[in-house]
>>> print(open('query32.cif').read())   # mmCIF, C-alpha atoms and all ligand atoms
data_upload
#
loop_
_atom_site.label_atom_id
_atom_site.label_comp_id
_atom_site.auth_asym_id
_atom_site.auth_seq_id
_atom_site.Cartn_x
_atom_site.Cartn_y
_atom_site.Cartn_z
CA MET A 13 35.43 -3.06 67.87
CA THR A 14 32.02 -4.73 67.80
CA ILE A 15 29.18 -2.80 69.41
CA PRO A 16 27.44 -4.91 72.07
CA LEU A 17 24.07 -6.31 71.00
CA GLN A 18 24.51 -5.04 67.43
CA ARG A 19 23.29 -8.28 65.84
CA GLU A 20 20.33 -8.52 68.20
CA LEU A 21 19.37 -4.96 67.29
CA GLU A 22 19.70 -5.56 63.55
CA VAL A 23 17.60 -8.72 63.63
CA ALA A 24 14.96 -7.06 65.83
CA LEU A 25 14.79 -3.95 63.61
CA SER A 26 14.42 -5.94 60.43
CA ALA A 27 11.75 -8.25 61.95
CA VAL A 28 9.71 -5.36 63.40
CA LYS A 29 9.95 -3.50 60.11
CA GLN A 30 8.65 -6.49 58.18
CA ALA A 31 5.81 -6.95 60.69
CA SER A 32 4.97 -3.22 60.61
CA LEU A 33 4.59 -3.30 56.83
CA ILE A 34 2.29 -6.33 57.04
CA CYS A 35 0.17 -4.60 59.70
CA ARG A 36 -0.07 -1.47 57.61
CA SER A 37 -1.23 -3.41 54.56
CA VAL A 38 -3.84 -5.32 56.60
CA GLN A 39 -5.05 -2.11 58.27
CA ALA A 40 -5.65 -0.54 54.86
CA THR A 41 -8.10 -3.31 53.97
CA ILE A 42 -9.46 -4.13 57.41
CA SER A 43 -12.97 -5.51 57.53
CA ASP A 44 -14.44 -7.74 60.19
CA ASP A 45 -11.54 -10.19 60.33
CA VAL A 46 -11.41 -10.23 64.09
CA LEU A 47 -11.40 -13.17 66.47
CA GLU A 48 -12.54 -12.75 70.03
CA LYS A 49 -10.09 -14.30 72.47
CA LYS A 50 -11.24 -16.03 75.67
CA ASP A 51 -10.63 -12.78 77.60
CA LYS A 52 -12.96 -11.01 75.08
CA SER A 53 -10.13 -8.88 73.66
CA PRO A 54 -9.91 -8.67 69.85
CA VAL A 55 -7.15 -10.17 67.73
CA THR A 56 -6.78 -9.79 63.98
CA ILE A 57 -4.97 -11.58 61.16
CA ALA A 58 -2.36 -8.83 61.50
CA ASP A 59 -1.64 -9.70 65.17
CA TYR A 60 -1.02 -13.32 64.22
CA SER A 61 0.93 -12.55 61.02
CA SER A 62 3.11 -10.09 62.91
CA GLN A 63 3.86 -12.63 65.66
CA ALA A 64 4.62 -15.29 63.01
CA VAL A 65 7.18 -13.20 61.07
CA ILE A 66 8.93 -11.90 64.15
CA CYS A 67 9.21 -15.29 65.87
CA ARG A 68 10.41 -16.85 62.61
CA ALA A 69 13.16 -14.24 62.28
CA LEU A 70 14.24 -14.48 65.92
CA ASN A 71 14.29 -18.23 65.83
CA ALA A 72 16.44 -18.28 62.69
CA ALA A 73 19.01 -15.96 64.31
CA PHE A 74 18.86 -16.91 68.00
CA SER A 75 17.40 -20.40 68.15
CA GLU A 76 18.10 -20.80 71.88
CA ASP A 77 16.25 -17.68 73.00
CA PRO A 78 12.75 -18.14 74.48
CA ILE A 79 10.08 -15.65 73.32
CA ILE A 80 7.28 -14.50 75.61
CA GLY A 81 4.70 -13.35 73.05
CA GLU A 82 1.12 -12.21 73.56
CA GLU A 83 -0.58 -14.52 71.06
CA ASP A 84 -0.74 -18.29 70.55
CA ALA A 85 -2.19 -20.52 67.86
CA GLY A 86 -4.66 -22.27 70.18
CA GLU A 87 -7.77 -20.72 68.58
CA LEU A 88 -6.34 -20.89 65.06
CA ILE A 89 -6.17 -24.68 64.96
CA GLN A 90 -9.94 -24.94 65.57
CA ALA A 91 -11.69 -26.17 62.43
CA GLU A 92 -14.12 -23.21 62.43
CA ASN A 93 -11.18 -20.79 62.16
CA ARG A 94 -9.67 -22.41 59.07
CA ASP A 95 -10.55 -19.48 56.76
CA PHE A 96 -9.01 -17.05 59.22
CA LEU A 97 -5.81 -19.11 59.32
CA GLU A 98 -5.70 -19.25 55.51
CA LYS A 99 -5.82 -15.43 55.43
CA ILE A 100 -2.78 -15.31 57.71
CA VAL A 101 -0.89 -17.60 55.32
CA THR A 102 -1.88 -15.34 52.41
CA GLU A 103 -0.40 -12.33 54.26
CA LEU A 104 2.84 -14.21 54.95
CA LEU A 105 3.13 -15.27 51.30
CA SER A 106 2.54 -11.66 50.18
CA ALA A 107 5.32 -10.59 52.54
CA GLY A 108 7.68 -12.84 50.59
CA ILE A 109 7.75 -15.79 52.98
CA SER A 110 7.37 -18.40 50.28
CA GLU A 111 7.53 -21.43 52.58
CA ALA A 112 4.47 -20.25 54.59
CA SER A 113 1.75 -22.86 55.18
CA THR A 114 -1.00 -23.28 57.77
CA GLU A 115 1.22 -25.64 59.80
CA LYS A 116 4.27 -23.37 59.62
CA ALA A 117 2.23 -20.26 60.53
CA CYS A 118 0.92 -21.98 63.69
CA HIS A 119 4.40 -23.27 64.48
CA TRP A 120 5.99 -19.80 64.19
CA ILE A 121 3.23 -18.19 66.28
CA ASP A 122 3.66 -20.81 69.00
CA GLN A 123 7.39 -20.14 69.15
CA GLY A 124 6.26 -17.09 71.11
CA GLY A 125 4.71 -19.36 73.73
CA ALA A 126 7.22 -19.05 76.59
CA LYS A 127 5.63 -17.93 79.86
CA GLU A 128 8.37 -18.27 82.47
CA TYR A 129 11.22 -15.93 83.27
CA SER A 130 14.66 -16.96 82.02
CA HIS A 131 18.03 -15.24 82.14
CA ARG A 132 17.79 -14.19 78.49
CA PHE A 133 14.51 -13.93 76.58
CA TRP A 134 12.57 -11.78 74.10
CA THR A 135 9.13 -10.38 74.74
CA LEU A 136 6.78 -9.52 71.88
CA ASP A 137 3.49 -7.71 71.44
CA PRO A 138 2.78 -8.29 67.74
CA ILE A 139 0.16 -5.49 67.80
CA ASP A 140 -0.13 -3.39 70.89
CA GLY A 141 -3.32 -1.31 70.86
CA THR A 142 -5.34 -3.73 68.75
CA LYS A 143 -8.38 -1.53 69.40
CA GLY A 144 -6.49 1.46 67.97
CA PHE A 145 -5.50 -0.70 64.98
CA LEU A 146 -9.17 -1.52 64.38
CA ARG A 147 -10.11 2.17 64.67
CA LYS A 148 -7.35 2.92 62.11
CA GLU A 149 -5.54 5.01 64.70
CA GLN A 150 -2.32 4.36 66.66
CA TYR A 151 -0.86 0.92 67.36
CA ALA A 152 2.66 -0.44 67.82
CA ILE A 153 4.70 -3.57 67.19
CA SER A 154 6.81 -4.04 70.28
CA LEU A 155 9.85 -6.29 70.68
CA SER A 156 12.50 -6.33 73.35
CA LEU A 157 15.33 -8.43 74.68
CA ILE A 158 15.69 -8.91 78.42
CA VAL A 159 18.92 -10.20 79.95
CA ASP A 160 19.23 -10.85 83.69
CA GLY A 161 15.96 -8.96 84.27
CA LYS A 162 17.19 -5.83 82.45
CA ILE A 163 15.74 -4.61 79.14
CA VAL A 164 18.77 -4.32 76.85
CA VAL A 165 17.22 -3.89 73.38
CA GLY A 166 13.83 -2.33 72.61
CA VAL A 167 12.28 -1.84 69.18
CA LEU A 168 8.92 -0.17 68.62
CA GLY A 169 7.29 -0.02 65.19
CA CYS A 170 4.65 2.75 65.00
CA PRO A 171 3.25 2.64 61.45
CA ASN A 172 0.89 5.59 62.01
CA LEU A 173 3.12 7.91 64.02
CA PRO A 174 4.70 10.74 61.97
CA PHE A 175 8.48 10.98 61.93
CA PRO A 176 9.51 13.43 64.69
CA THR A 177 11.34 15.89 62.43
CA ASP A 178 9.04 15.61 59.40
CA GLU A 179 5.28 15.35 59.99
CA SER A 180 4.71 14.47 56.34
CA MET A 181 6.46 11.10 56.74
CA LYS A 182 4.02 8.67 58.36
CA GLY A 183 5.47 5.63 60.10
CA THR A 184 8.39 5.55 62.52
CA LEU A 185 10.62 2.79 63.80
CA TYR A 186 12.05 3.54 67.26
CA TYR A 187 14.87 1.70 68.98
CA ALA A 188 17.06 1.81 72.03
CA VAL A 189 19.96 -0.25 73.34
CA ALA A 190 20.84 -0.03 77.03
CA GLY A 191 23.49 2.65 77.54
CA GLN A 192 23.49 3.67 73.86
CA GLY A 193 20.57 6.17 73.58
CA ALA A 194 17.19 6.20 71.86
CA PHE A 195 16.64 6.73 68.13
CA ALA A 196 14.00 7.09 65.42
CA ILE A 197 14.15 6.04 61.75
CA PRO A 198 11.43 6.54 59.11
CA LEU A 199 9.63 3.25 58.48
CA ASP A 200 9.64 3.59 54.70
CA GLN A 201 12.78 5.45 53.78
CA GLU A 202 16.46 4.70 53.97
CA GLN A 203 17.63 7.54 56.20
CA PRO A 204 20.05 7.70 59.08
CA ALA A 205 18.56 7.34 62.56
CA ILE A 206 18.07 10.51 64.61
CA PRO A 207 18.51 10.60 68.40
CA ILE A 208 15.40 11.45 70.42
CA HIS A 209 15.14 13.10 73.84
CA VAL A 210 12.52 13.79 76.49
CA THR A 211 11.65 17.37 77.45
CA LYS A 212 13.42 19.14 80.32
CA THR A 213 10.49 20.99 81.87
CA SER A 214 9.83 20.89 85.60
CA ASP A 215 6.75 23.14 85.34
CA TYR A 216 3.49 21.18 85.58
CA SER A 217 1.44 24.12 84.32
CA GLN A 218 3.33 23.91 81.01
CA SER A 219 3.31 20.14 80.76
CA ARG A 220 1.12 17.74 78.82
CA PHE A 221 0.29 14.15 79.74
CA CYS A 222 -0.90 11.28 77.60
CA GLU A 223 -2.98 8.25 78.48
CA SER A 224 -4.94 5.33 77.00
CA VAL A 225 -7.98 5.89 74.84
CA GLU A 226 -9.93 3.21 76.71
CA SER A 227 -10.85 4.17 80.26
CA GLY A 228 -11.01 0.41 80.95
CA HIS A 229 -7.21 0.26 80.51
CA SER A 230 -6.31 3.32 82.58
CA SER A 231 -8.50 5.34 84.94
CA HIS A 232 -9.29 8.69 83.29
CA SER A 233 -11.02 10.03 86.40
CA HIS A 234 -7.93 9.46 88.56
CA SER A 235 -5.56 10.94 85.99
CA LYS A 236 -7.78 14.04 85.84
CA GLN A 237 -7.77 14.39 89.64
CA THR A 238 -3.99 14.00 89.66
CA ALA A 239 -3.50 16.50 86.84
CA ASP A 240 -5.75 19.04 88.58
CA LYS A 241 -3.79 18.74 91.83
CA LEU A 242 -0.50 19.24 89.99
CA GLY A 243 -1.82 22.27 88.11
CA ILE A 244 -1.57 20.62 84.69
CA GLN A 245 -3.66 22.81 82.39
CA LYS A 246 -3.26 21.28 78.95
CA GLU A 247 -5.77 18.70 77.75
CA PRO A 248 -4.40 15.13 77.82
CA ARG A 249 -3.44 13.48 74.59
CA ARG A 250 -5.20 10.12 74.30
CA LEU A 251 -3.67 7.53 72.03
CA ASP A 252 -3.50 3.77 71.90
CA SER A 253 -0.52 1.52 72.45
CA GLN A 254 3.13 2.04 73.37
CA ALA A 255 3.08 4.93 70.90
CA LYS A 256 2.51 6.82 74.20
CA TYR A 257 6.07 5.94 75.29
CA ALA A 258 7.39 7.14 71.91
CA VAL A 259 5.51 10.43 72.28
CA VAL A 260 7.16 11.04 75.68
CA ALA A 261 10.57 9.84 74.44
CA GLN A 262 10.54 12.36 71.59
CA GLY A 263 9.36 15.24 73.78
CA GLU A 264 5.81 15.65 72.46
CA ALA A 265 4.35 14.95 75.90
CA ASP A 266 6.02 15.12 79.29
CA ILE A 267 4.07 12.43 81.16
CA TYR A 268 2.27 9.14 80.48
CA MET A 269 -0.06 7.97 83.25
CA ARG A 270 -1.45 4.43 83.32
CA LEU A 271 -3.53 4.16 86.46
CA PRO A 272 -5.09 0.86 87.60
CA THR A 273 -8.79 0.39 86.94
CA ARG A 274 -9.69 -2.94 88.46
CA ALA A 275 -8.43 -5.09 91.26
CA GLY A 276 -6.15 -7.92 90.28
CA TYR A 277 -5.13 -6.72 86.79
CA ARG A 278 -1.43 -7.01 86.31
CA GLU A 279 0.32 -5.24 83.46
CA LYS A 280 1.85 -7.56 80.84
CA ILE A 281 5.57 -7.23 80.15
CA TRP A 282 5.04 -7.03 76.37
CA ASP A 283 2.83 -3.94 76.85
CA HIS A 284 5.78 -2.01 78.31
CA ALA A 285 9.30 -3.40 77.87
CA ALA A 286 10.29 -1.72 74.57
CA GLY A 287 8.61 1.56 75.56
CA VAL A 288 10.34 1.62 78.95
CA LEU A 289 13.83 1.30 77.45
CA LEU A 290 13.01 3.89 74.79
CA VAL A 291 11.99 6.48 77.39
CA GLU A 292 14.87 5.69 79.76
CA GLU A 293 17.43 5.94 76.96
CA ALA A 294 15.81 9.23 75.86
CA GLY A 295 16.53 10.57 79.36
CA GLY A 296 13.18 9.91 81.07
CA LYS A 297 12.00 7.89 84.06
CA VAL A 298 9.56 4.96 84.42
CA THR A 299 8.17 3.45 87.64
CA ASP A 300 4.86 2.09 88.90
CA ILE A 301 2.36 4.37 90.66
CA HIS A 302 4.23 3.89 93.97
CA GLY A 303 7.55 4.96 92.48
CA LYS A 304 8.90 1.38 92.35
CA PRO A 305 10.97 0.25 89.35
CA LEU A 306 9.13 -2.16 87.03
CA GLU A 307 10.34 -5.73 87.59
CA PHE A 308 10.88 -7.63 84.35
CA ASN A 309 12.13 -10.76 86.10
CA GLN A 310 8.79 -12.12 87.31
CA GLY A 311 7.47 -13.99 84.25
CA TYR A 312 4.97 -12.52 81.77
CA GLU A 313 3.31 -10.13 84.19
CA LEU A 314 4.58 -7.22 86.29
CA ILE A 315 3.25 -8.95 89.39
CA ASN A 316 5.05 -6.70 91.86
CA ASN A 317 3.92 -3.46 90.25
CA GLN A 318 0.74 -1.47 89.98
CA GLY A 319 0.07 0.81 87.03
CA VAL A 320 2.86 2.67 85.23
CA ILE A 321 4.11 6.27 85.45
CA VAL A 322 6.36 7.65 82.74
CA THR A 323 7.86 11.15 82.84
CA ASN A 324 10.70 13.27 81.54
CA GLY A 325 12.39 12.88 84.97
CA PRO A 326 12.01 16.29 86.69
CA LEU A 327 8.20 15.83 86.76
CA HIS A 328 8.40 12.41 88.46
CA PRO A 329 8.70 13.00 92.24
CA ALA A 330 5.72 15.31 92.85
CA LEU A 331 3.53 13.15 90.62
CA ILE A 332 4.30 10.04 92.69
CA GLU A 333 3.62 12.01 95.88
CA ILE A 334 0.17 13.07 94.66
CA LEU A 335 -0.64 9.51 93.59
CA ASP A 336 0.27 8.29 97.10
CA GLU A 337 -2.28 10.73 98.54
CA LEU A 338 -5.08 9.66 96.18
CA THR A 339 -6.82 6.39 96.99
CA ILE A 340 -6.44 4.81 93.58
CA ASN A 341 -5.39 1.44 94.83
CA PRO A 342 -8.27 -0.83 93.81
CA GLU A 343 -7.04 -3.78 95.86
N1 LIG A 401 -7.75 -3.76 82.52
C1 LIG A 401 -6.65 -3.44 81.86
N2 LIG A 401 -5.78 -2.55 82.40
C2 LIG A 401 -4.66 -2.20 81.76
N3 LIG A 401 -4.31 -2.69 80.53
C3 LIG A 401 -5.14 -3.59 79.96
C4 LIG A 401 -6.34 -4.00 80.57
N4 LIG A 401 -6.95 -4.89 79.75
C5 LIG A 401 -6.16 -5.02 78.66
N5 LIG A 401 -5.07 -4.24 78.79
C6 LIG A 401 -3.93 -4.09 77.90
O1 LIG A 401 -3.99 -2.79 77.32
C7 LIG A 401 -3.27 -2.88 76.10
C8 LIG A 401 -3.60 -1.70 75.24
O2 LIG A 401 -3.27 -0.57 76.02
P1 LIG A 401 -3.47 0.85 75.47
O3 LIG A 401 -2.75 1.82 76.33
O4 LIG A 401 -3.13 0.84 74.02
O5 LIG A 401 -5.00 1.08 75.61
S1 LIG A 401 -5.85 1.95 74.66
O6 LIG A 401 -6.05 1.17 73.44
O7 LIG A 401 -5.18 3.24 74.43
O8 LIG A 401 -7.06 2.15 75.37
C9 LIG A 401 -3.73 -4.15 75.53
O9 LIG A 401 -2.73 -4.59 74.65
P2 LIG A 401 -3.16 -5.28 73.26
O10 LIG A 401 -4.02 -6.46 73.61
O11 LIG A 401 -1.84 -5.69 72.72
O12 LIG A 401 -3.86 -4.25 72.42
C10 LIG A 401 -3.89 -5.07 76.75
O13 LIG A 401 -2.81 -5.92 76.96
MG MG A 402 -4.41 -8.17 72.94
MG MG A 403 -0.54 -4.90 74.15
MG MG A 404 -1.31 -7.09 71.39
#
>>> encode(input="query32.cif", output="structure tokens")
Amino acid sequence: MTIPLQRELEVALSAVKQASLICRSVQATISDDVLEKKDKSPVTIADYSSQAVICRALNAAFSEDPIIGEEDAGELIQAENRDFLEKIVTELLSAGISEASTEKACHWIDQGGAKEYSHRFWTLDPIDGTKGFLRKEQYAISLSLIVDGKIVVGVLGCPNLPFPTDESMKGTLYYAVAGQGAFAIPLDQEQPAIPIHVTKTSDYSQSRFCESVESGHSSHSHSKQTADKLGIQKEPRRLDSQAKYAVVAQGEADIYMRLPTRAGYREKIWDHAAGVLLVEEAGGKVTDIHGKPLEFNQGYELINNQGVIVTNGPLHPALIEILDELTINPE
């Protein structure tokens, strides 16, 4: 019997693994190779190289599937960014993609240019937590497949997160398929996948939450107020990227709070989709700050949702109640 979505999972795992290894090699030598995008956020040769290899692999296997990716080649084709583009090609050649050229690199990156919702599509964040990547801390490569508005495959490459059962192995590839559980495999070694699970605690005083490093991405003052009201005593763990979802999914934290900071910001689907499926398949729960399910059928943004709350399940209801009492709605 064939397992549903097996091929999609295999292609996604192999593409995210290849991208993770490129990102790791770029991070080891990182200098000031950063472009500033129009929204002032940073993007590195690793973000672009990662998007190129993943879109290339998806397109070869599933040529009909649209990809909603974070990056595009718009800035790269500017004459002043020629050297930057050449460095991306060098990375692709080093990764064994012998047909890489400046034209092909831009073409692959722009294959991730879909914006609209469709009944089956992939969404890709080639490096989530670019600021963490630049600080040589946590970042993730995030890829998921969405069918009829439901996340059905999620793969998260976390090159700097230790393997859950062996701290000495750095780099973990996480994956989940709807209805089939959540798993971790070491990024570098051929080893069978292990299942991962959220914690079972319902005691806030024993629980730990995690949140973004940047207070511009998630309000630290509101998470502190919320934690105080719930009687959470442990210090929060702050780390970049969807690695936060992985940390909850494998039971190292019980809660991830992402509380809105400014009016009008809408979360991007590629910043959440793979992480959401990972946590849900590990037994946890994900909603927005009002307790509403995240809607992945609205295009590239979660336009009907505000913030994101991730828990092990038992800790969810009282947390949402407290958030309803706090005036954290910036709109
Ligand atoms: N204002 C605001 N509110 C919420 N989220 C925002 C905001 N601005 C940016 N972003 C997105 O945050 C993504 C990184 O989130 P993190 O949780 O990794 O943040 S942090 O690095 O830990 O501070 C980051 O993803 P990457 O660009 O892929 O790094 C952005 O898409
Ligand atoms: Mg970005
Ligand atoms: Mg991101
Ligand atoms: Mg990104």
>>> residues_near_ligand(input="query32.cif", ligand="ligand LIG 401 (chain A)", cutoff="6 Å", atoms="only C-alpha atoms and all ligand atoms", output="short mmCIF file (atom, residue, chain, number, x, y, z; two decimals) with C-alpha atoms, in the coordinates of the input")
data_model
loop_
_atom_site.label_atom_id
_atom_site.label_comp_id
_atom_site.auth_asym_id
_atom_site.auth_seq_id
_atom_site.Cartn_x
_atom_site.Cartn_y
_atom_site.Cartn_z
CA ASP A 137 3.49 -7.71 71.44
CA ILE A 139 0.16 -5.49 67.80
CA ASP A 140 -0.13 -3.39 70.89
CA GLY A 141 -3.32 -1.31 70.86
CA THR A 142 -5.34 -3.73 68.75
CA LYS A 143 -8.38 -1.53 69.40
CA GLY A 144 -6.49 1.46 67.97
CA SER A 224 -4.94 5.33 77.00
CA VAL A 225 -7.98 5.89 74.84
CA GLU A 226 -9.93 3.21 76.71
CA GLY A 228 -11.01 0.41 80.95
CA HIS A 229 -7.21 0.26 80.51
CA SER A 230 -6.31 3.32 82.58
CA LEU A 251 -3.67 7.53 72.03
CA ASP A 252 -3.50 3.77 71.90
CA SER A 253 -0.52 1.52 72.45
CA TYR A 277 -5.13 -6.72 86.79
CA ASP A 283 2.83 -3.94 76.85
#
>>> closest_residue(input="query32.cif", among="A:Glu293, A:Asp215, A:Glu333, A:Glu92", to="Tyr187 of chain A", atoms="only C-alpha atoms")
A:Glu293
>>> residues_near_ligand(input="query32.cif", ligand="ligand MG 404 (chain A)", cutoff="12 Å", atoms="all atoms listed in the file", output="CSV table (one decimal) with C-alpha atoms, in the frame of the given file")
chain,number,residue,atom,x,y,z
A,49,LYS,CA,-10.1,-14.3,72.5
A,53,SER,CA,-10.1,-8.9,73.7
A,54,PRO,CA,-9.9,-8.7,69.8
A,55,VAL,CA,-7.2,-10.2,67.7
A,56,THR,CA,-6.8,-9.8,64.0
A,57,ILE,CA,-5.0,-11.6,61.2
A,58,ALA,CA,-2.4,-8.8,61.5
A,59,ASP,CA,-1.6,-9.7,65.2
A,60,TYR,CA,-1.0,-13.3,64.2
A,61,SER,CA,0.9,-12.6,61.0
A,62,SER,CA,3.1,-10.1,62.9
A,63,GLN,CA,3.9,-12.6,65.7
A,81,GLY,CA,4.7,-13.4,73.0
A,82,GLU,CA,1.1,-12.2,73.6
A,83,GLU,CA,-0.6,-14.5,71.1
A,84,ASP,CA,-0.7,-18.3,70.6
A,135,THR,CA,9.1,-10.4,74.7
A,136,LEU,CA,6.8,-9.5,71.9
A,137,ASP,CA,3.5,-7.7,71.4
A,138,PRO,CA,2.8,-8.3,67.7
A,139,ILE,CA,0.2,-5.5,67.8
A,140,ASP,CA,-0.1,-3.4,70.9
A,141,GLY,CA,-3.3,-1.3,70.9
A,142,THR,CA,-5.3,-3.7,68.8
A,143,LYS,CA,-8.4,-1.5,69.4
A,144,GLY,CA,-6.5,1.5,68.0
A,145,PHE,CA,-5.5,-0.7,65.0
A,146,LEU,CA,-9.2,-1.5,64.4
A,151,TYR,CA,-0.9,0.9,67.4
A,152,ALA,CA,2.7,-0.4,67.8
A,153,ILE,CA,4.7,-3.6,67.2
A,154,SER,CA,6.8,-4.0,70.3
A,155,LEU,CA,9.8,-6.3,70.7
A,252,ASP,CA,-3.5,3.8,71.9
A,253,SER,CA,-0.5,1.5,72.4
A,254,GLN,CA,3.1,2.0,73.4
A,280,LYS,CA,1.8,-7.6,80.8
A,281,ILE,CA,5.6,-7.2,80.2
A,282,TRP,CA,5.0,-7.0,76.4
A,283,ASP,CA,2.8,-3.9,76.8
A,284,HIS,CA,5.8,-2.0,78.3
>>> atom_distance(input="query32.cif", atom1="atom CA of Glu48 of chain A", atom2="atom CA of Gln318 of chain A")
26.5 Å
>>> closest_residue(input="query32.cif", among="A:Pro171, A:Gly124, A:Gly243, A:Gly193", to="Tyr216 of chain A", atoms="all atoms listed in the file")
A:Gly243
>>> residues_around(input="query32.cif", residues="Tyr186 of chain A", least_positions_apart="5", cutoff="10 Å", atoms="only C-alpha atoms", output="list in words")
Leu25, Val28, Ser154, Gly166, Val167, Leu168, Gly169, Cys170, Phe175, Ala194, Phe195, Ala196, Ile197, Pro198, Leu199, Ala205, Ile206, Pro207, Ile208, Ala255, Ala258, Ala261, Gln262, Ala286, Gly287 and Leu290 of chain A
>>> axis_aligned_box(input="query32.cif", around="segment 82-86 of chain A", padding_each_side="6 Å", output="JSON")
{"center_x": -1.8, "center_y": -17.2, "center_z": 70.7, "size_x": 17.8, "size_y": 22.1, "size_z": 17.7}
>>> atom_distance(input="query32.cif", atom1="atom CA of Lys256 of chain A", atom2="atom CA of Cys222 of chain A")
6.6 Å
>>> closest_residue(input="query32.cif", among="A:His232, A:Glu313, A:Ile15, A:Leu338", to="ligand MG 403 (chain A)", atoms="all atoms listed in the file")
A:Glu313
>>> closest_residue(input="query32.cif", among="A:Ala285, A:Ile315, A:Ala91, A:Val260", to="ligand MG 403 (chain A)", atoms="only C-alpha atoms and all ligand atoms")
A:Ala285
>>> closest_residue(input="query32.cif", among="A:Leu306, A:Leu271, A:Leu173, A:Val159", to="Asp77 of chain A", atoms="only C-alpha atoms")
A:Val159
>>> residues_around(input="query32.cif", residues="Ile301 of chain A", least_positions_apart="5", cutoff="6 Å", atoms="only C-alpha atoms", output="PyMOL selection string")
chain A and resi 319-321
>>> closest_residue(input="query32.cif", among="A:Ile66, A:Leu289, A:Met269, A:Ala275", to="Ile163 of chain A", atoms="all atoms listed in the file")
A:Leu289
>>> residues_near_point(input="query32.cif", point="(7.3, 6.2, 94.5)", cutoff="12 Å", atoms="only C-alpha atoms", output="compact mmCIF listing (two decimals) with C-alpha atoms, in the coordinates of the input")
# COMPACT_ATOMS: atom_id res chain seq x y z
CA LYS A 297 12.00 7.89 84.06
CA VAL A 298 9.56 4.96 84.42
CA THR A 299 8.17 3.45 87.64
CA ASP A 300 4.86 2.09 88.90
CA ILE A 301 2.36 4.37 90.66
CA HIS A 302 4.23 3.89 93.97
CA GLY A 303 7.55 4.96 92.48
CA LYS A 304 8.90 1.38 92.35
CA PRO A 305 10.97 0.25 89.35
CA LEU A 306 9.13 -2.16 87.03
CA ASN A 317 3.92 -3.46 90.25
CA GLN A 318 0.74 -1.47 89.98
CA GLY A 319 0.07 0.81 87.03
CA VAL A 320 2.86 2.67 85.23
CA ILE A 321 4.11 6.27 85.45
CA VAL A 322 6.36 7.65 82.74
CA HIS A 328 8.40 12.41 88.46
CA PRO A 329 8.70 13.00 92.24
CA ALA A 330 5.72 15.31 92.85
CA LEU A 331 3.53 13.15 90.62
CA ILE A 332 4.30 10.04 92.69
CA GLU A 333 3.62 12.01 95.88
CA ILE A 334 0.17 13.07 94.66
CA LEU A 335 -0.64 9.51 93.59
CA ASP A 336 0.27 8.29 97.10
CA GLU A 337 -2.28 10.73 98.54
>>> atom_distance(input="query32.cif", atom1="atom CA of Pro326 of chain A", atom2="atom CA of Pro174 of chain A")
26.4 Å
